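Student: Can you keep this structure in mind? I'll have questions shortly.
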Amino acid sequence: MKQFIIVLLLSFFMYSCGNDEYDWIDRSKHEGLINLNYSQNFEIYATQSNPENIKATIENLEFAKAYYDKIFNENLNFAVLFVDNKNWDKYAFSPPPGMPQAYHKGNMVLGLGKSVMAMNAEQSIQYMPEKAIQTLKTHFGQNIDLDKFFRDGLALHELGHLYQFYRTSNTAQRQWLNELFGNLCQVGAAKSMKDKTVFNQMDIYQNLLIQGNQWGNLKYTSLEQFERNYFDVMKDGRNYGWYQTRFYTIAKKLHNTYGDEIISKFREFLITSDRATFGKVSDQQLNTILLNKFGPEVVNTLEWEHSN
Ligand SMILES: [Zn+2]
């Protein structure tokens with residue numbers, strides 16, 4: 001009897017660990033960082049002991065965690081790494097410093113202080129029409145601060161990836177599917193906030209970039225190129241930004257029509273089409289899977305209008 005109780009207790013303990021308290025975070029990535037107790041709901045590490053300007057990011061993440069936990073039926077633990085420009089290459093997998101990113105095992109890396117990513121983007125604002133600059137000032141302050149987009153806003157996108165990675169392997173069926181999902185999450189979380197500041201910032205900035213069309217010469221424009229040259233595109237912040245604004249536009253269209261349901265359905269699709277389980281499917285097979293799962297209207301919206 002005693003043995004039975006012990007076994008029962010043990011299996012109960014293992015069951016709880018296997019769910020809510022399952023620790024999937026890769027802690028080797030935290031070496032040399034300072035642990036900050038700024039949240040009860042997730043872990044925070046930084047390259048400085050008293051970092052400024054991360055309050056808004058943390059508030060956004062607190063909100064987004066509650067939203068994702070609800071729509072994905074999870075209780076996810078994760079770690080946020082705030083990394084300044086000079087330590088960026090040590091902790092992130094791709095430059096430029098401040099370009100937000102998520103690791104497969106539970107970590108996201110965000111910029112700290114004035115990031116190179118935001119500085120570059122702020123510099124290119126001067127080539128925008130005066131009216132566009134004024135619009136940006138009303139949403140990002142008189143001294144237009146684009147870390148509000150790249151750190152505070154895109155933190156929602158990276159957290160969406162972590163909810164995906166928690167249930168998938170680290171081999172993507174397609175990078176573009178992952179990125180579309182990141183954008184769906186970002187749109188859904190931002191739109192569900194009562195305060196529309198975060199959504200307005202991401203929407204207005206990206207729309208101005210699309211309208212202004214000041215990308216210059218882009219090396220890659222097709223989805224095939226995005227897949228083949230993913231890290232190359234990423235290192236060129238401008239080309240990556242161009243792709244992301246396209247994914248954002250598609251995600252917004254999908255969310256406008258189908259609401260939060262499309263986000264959880266898309267996550268389910270990413271899990272059930274995991275490359276590690278099913279191998280890499282052909283474009284034709286992928287199209288059939290997408291049609292079966294989402295129907296022709298969604299697949300039409302996914303149609304990529306740019307080729308090289
Ligand atoms: Zn992403």
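Identifiers for the structure tokens are assigned positionally: chains receive A, B, ... in sequence, residues are indexed from 1 per chain, and ligands are indexed from 1 in the order shown.
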Might you pull out every residue within 10 Å of range 237-244 of chain A, with only C-alpha atoms counted and same-chain residues fewer than 6 positions away left off, and present them as an NGL selection string?

Tutor: :A and (95-96 or 99 or 117 or 120-121 or 176 or 179-180 or 182-183 or 206 or 209-210 or 213-223 or 226 or 230-231 or 250)

Student: So that I can check the surroundings of range 138-153 of chain A, please list as a PDB file with C-alpha atoms, in the first residue's frame every protein, DNA and RNA residue that reaches within 8 Å of it, counting only C-alpha atoms and ignoring chain neighbours fewer than 3 positions away.

Tutor:
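Output file around.pdb follows:
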```
ATOM      1  CA  ILE A  54      12.429  48.544 -19.752  1.00  0.00           C
ATOM      2  CA  ALA A  56       7.027  49.465 -20.809  1.00  0.00           C
ATOM      3  CA  THR A  57       8.498  46.302 -22.354  1.00  0.00           C
ATOM      4  CA  ILE A  58       7.835  44.318 -19.176  1.00  0.00           C
ATOM      5  CA  ASN A  60       3.642  44.606 -22.538  1.00  0.00           C
ATOM      6  CA  GLY A  98      18.571  45.585 -30.820  1.00  0.00           C
ATOM      7  CA  MET A  99      16.979  43.401 -33.484  1.00  0.00           C
ATOM      8  CA  PRO A 100      14.674  41.336 -31.269  1.00  0.00           C
ATOM      9  CA  LEU A 110      15.890  42.401 -26.678  1.00  0.00           C
ATOM     10  CA  GLY A 111      17.931  45.592 -26.963  1.00  0.00           C
ATOM     11  CA  LYS A 114      19.505  53.137 -27.389  1.00  0.00           C
ATOM     12  CA  SER A 115      19.905  50.199 -29.749  1.00  0.00           C
ATOM     13  CA  MET A 117      18.718  48.887 -34.705  1.00  0.00           C
ATOM     14  CA  ALA A 118      16.596  51.852 -33.566  1.00  0.00           C
ATOM     15  CA  MET A 119      19.379  54.380 -34.274  1.00  0.00           C
ATOM     16  CA  ALA A 121      15.935  53.309 -38.349  1.00  0.00           C
ATOM     17  CA  GLU A 122      15.720  56.777 -36.781  1.00  0.00           C
ATOM     18  CA  GLN A 134       4.963  64.673 -37.784  1.00  0.00           C
ATOM     19  CA  THR A 135       2.762  61.566 -37.593  1.00  0.00           C
ATOM     20  CA  LEU A 156       5.063  40.599 -28.356  1.00  0.00           C
ATOM     21  CA  HIS A 157       6.219  39.027 -31.620  1.00  0.00           C
ATOM     22  CA  GLN A 186       2.024  40.503 -32.412  1.00  0.00           C
ATOM     23  CA  THR A 197      -0.639  52.813 -28.103  1.00  0.00           C
ATOM     24  CA  VAL A 198       1.387  49.683 -28.882  1.00  0.00           C
ATOM     25  CA  PHE A 199      -0.827  48.708 -31.816  1.00  0.00           C
ATOM     26  CA  ASN A 200      -0.882  52.243 -33.210  1.00  0.00           C
ATOM     27  CA  GLN A 201       2.902  52.508 -32.997  1.00  0.00           C
ATOM     28  CA  MET A 202       3.554  49.248 -34.875  1.00  0.00           C
TER      29      MET A 202
END
```

Student: I need the residue nearest ligand 1 from this list: A:Leu112, A:Leu154, A:Ala66, A:Leu254. Use only C-alpha atoms and all ligand atoms for the distance.

Tutor: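 Comparing A:Leu112, A:Leu154, A:Ala66, A:Leu254 against ligand 1, the winner is A:Leu154.
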
Student: Give the helix (DSSP H, G or I) residues of range 25-225 of chain A, as DSSP finds them on the backbone, and put them as a ChimeraX atom specification.

Tutor: /A:27-30,55-72,85-91,116-125,130-140,147-153,155-165,175-191,197-212,223-225

Student: Pick out the residues sitting within 10 Å of Thr301 in chain A, and hand them over as a ChimeraX atom specification; count only C-alpha atoms, and ignore anything fewer than 4 positions along from it in its own chain.

Tutor: /A:249-251,253-254,296-297

Student: Give me a file of those residues, with C-alpha atoms, as a compact mmCIF listing (two decimals), in the first residue's frame.

Tutor:
```txt
# COMPACT_ATOMS: atom_id res chain seq x y z
CA THR A 249 0.16 43.26 -43.62
CA ILE A 250 -0.97 39.69 -44.32
CA ALA A 251 -1.25 38.93 -40.58
CA LYS A 253 -5.70 41.06 -42.85
CA LEU A 254 -6.10 37.54 -41.45
CA PRO A 296 -9.06 28.75 -50.06
CA GLU A 297 -9.73 32.26 -48.73
```

Student: Choose the residue, out of A:Ala46, A:Val109, A:Val80, A:Ile34, that has the smallest atom-to-atom separation from ligand 1; count only C-alpha atoms and all ligand atoms.

Tutor: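 Closest residue, counting only C-alpha atoms and all ligand atoms: A:Val109.
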
Student: List the spatial neighbours of Gly279 in chain A as number ranges by chain - criterion: any atom at most 10 Å away, only C-alpha atoms, same-chain residues fewer than 3 positions off excluded.

Tutor: A: 171-173, 273-276, 282

Student: If you keep N, CA and C atoms, can you produce a file of those selected residues as a compact mmCIF listing (two decimals), in the first residue's frame?

Tutor:
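After the write, part.txt holds the following:
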```
# COMPACT_ATOMS: atom_id res chain seq x y z
N THR A 171 13.57 22.82 -36.03
CA THR A 171 13.73 22.89 -37.48
C THR A 171 12.42 23.38 -38.10
N ALA A 172 12.49 24.53 -38.72
CA ALA A 172 11.27 25.15 -39.26
C ALA A 172 10.85 24.44 -40.54
N GLN A 173 9.55 24.19 -40.68
CA GLN A 173 9.02 23.69 -41.96
C GLN A 173 9.31 24.76 -43.03
N SER A 273 2.57 20.16 -38.33
CA SER A 273 3.35 20.01 -39.58
C SER A 273 4.86 20.13 -39.30
N ASP A 274 5.23 19.88 -38.05
CA ASP A 274 6.63 20.02 -37.63
C ASP A 274 7.58 19.24 -38.55
N ARG A 275 8.59 19.92 -39.01
CA ARG A 275 9.53 19.30 -39.96
C ARG A 275 10.26 18.10 -39.36
N ALA A 276 10.55 18.16 -38.05
CA ALA A 276 11.27 17.05 -37.41
C ALA A 276 10.43 15.77 -37.43
N SER A 282 7.10 19.36 -49.83
CA SER A 282 7.30 20.18 -51.03
C SER A 282 6.34 21.37 -50.99
```

Student: So which residues touch His255 in chain A within 7 Å, counting only C-alpha atoms, skipping near sequence neighbours fewer than 4 positions away, as a ChimeraX atom specification?

Tutor: /A:184,188,251,259-260,262

Student: Give me, please, the distance in Å between CA of Tyr163 in chain A and CA of Ile204 in chain A, quoted to one decimal.

Tutor: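 Atom-to-atom, CA of Tyr163 in chain A and CA of Ile204 in chain A are spaced 26.3 Å apart.
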
Student: Just checking: using only C-alpha atoms and all ligand atoms, which residue out of A:Phe181, A:Phe269, A:Trp304, A:Phe294 ends up closest to ligand 1?

Tutor: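 Residue with the minimum atom-to-atom distance to ligand 1: A:Phe181.
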
Student: Choose the residue, out of A:Gln101, A:Ser39, A:Asn170, A:Asn207, that has the smallest atom-to-atom separation from Leu270 in chain A; count only C-alpha atoms.

Tutor: A:Asn170

Student: From the set A:His161, A:His104, A:Lys55, A:Lys90, which residue has the shortest atom-to-atom contact distance to ligand 1, counting only C-alpha atoms and all ligand atoms?

Tutor: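 Of all the options, A:His161 lies closest to ligand 1.
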
Student: Which residues are close to Met108 in chain A, i.e. within 9 Å by only C-alpha atoms, leaving aside same-chain residues fewer than 4 positions away? Reply as a ChimeraX atom specification.

Tutor: /A:78-82,92,100-104,155,158-159,162

Student: Let's see if you can do this: from backbone DSSP, list all strand (DSSP E) residues in range 61-179 of chain A, as JSON, numbers by chain.

Tutor: {"A": [79, 80, 81, 82, 83, 84, 101, 102, 107, 108, 109, 110, 111, 112]}

Student: What's the 8 Å shell around Leu33 in chain A, counting only C-alpha atoms, without same-chain residues fewer than 5 positions away, as a list in words?

Tutor: Tyr45, Ala46, Thr47 and Gln48 of chain A

Student: Go ahead and save the residues from that selection, with N, CA and C atoms, as an mmCIF file, in the first residue's frame.

Tutor:
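Written output follows (out-v6.cif):
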```
data_model
loop_
_atom_site.group_PDB
_atom_site.id
_atom_site.type_symbol
_atom_site.label_atom_id
_atom_site.label_comp_id
_atom_site.auth_asym_id
_atom_site.auth_seq_id
_atom_site.Cartn_x
_atom_site.Cartn_y
_atom_site.Cartn_z
ATOM 1 N N TYR A 45 16.662 38.953 -17.274
ATOM 2 C CA TYR A 45 18.113 39.081 -17.105
ATOM 3 C C TYR A 45 18.570 40.283 -17.922
ATOM 4 N N ALA A 46 19.667 40.915 -17.483
ATOM 5 C CA ALA A 46 20.143 42.088 -18.217
ATOM 6 C C ALA A 46 21.654 42.231 -18.111
ATOM 7 N N THR A 47 22.227 43.006 -19.019
ATOM 8 C CA THR A 47 23.666 43.256 -18.984
ATOM 9 C C THR A 47 24.000 44.397 -18.012
ATOM 10 N N GLN A 48 22.974 45.070 -17.461
ATOM 11 C CA GLN A 48 23.193 46.133 -16.472
ATOM 12 C C GLN A 48 22.324 45.875 -15.243
#
```

Student: Looking at A:Leu208, A:Val298, A:Cys185, A:Val281, which one is nearest to ligand 1, with distances taken over only C-alpha atoms and all ligand atoms?

Tutor: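 For ligand 1, the nearest of the candidates is A:Cys185.
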
Student: Between CA of Ile271 in chain A and CA of Ser169 in chain A, what is the distance in Å, rounded to a tenth?

Tutor: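 Going from CA of Ile271 in chain A over to CA of Ser169 in chain A, I get 8.6 Å.
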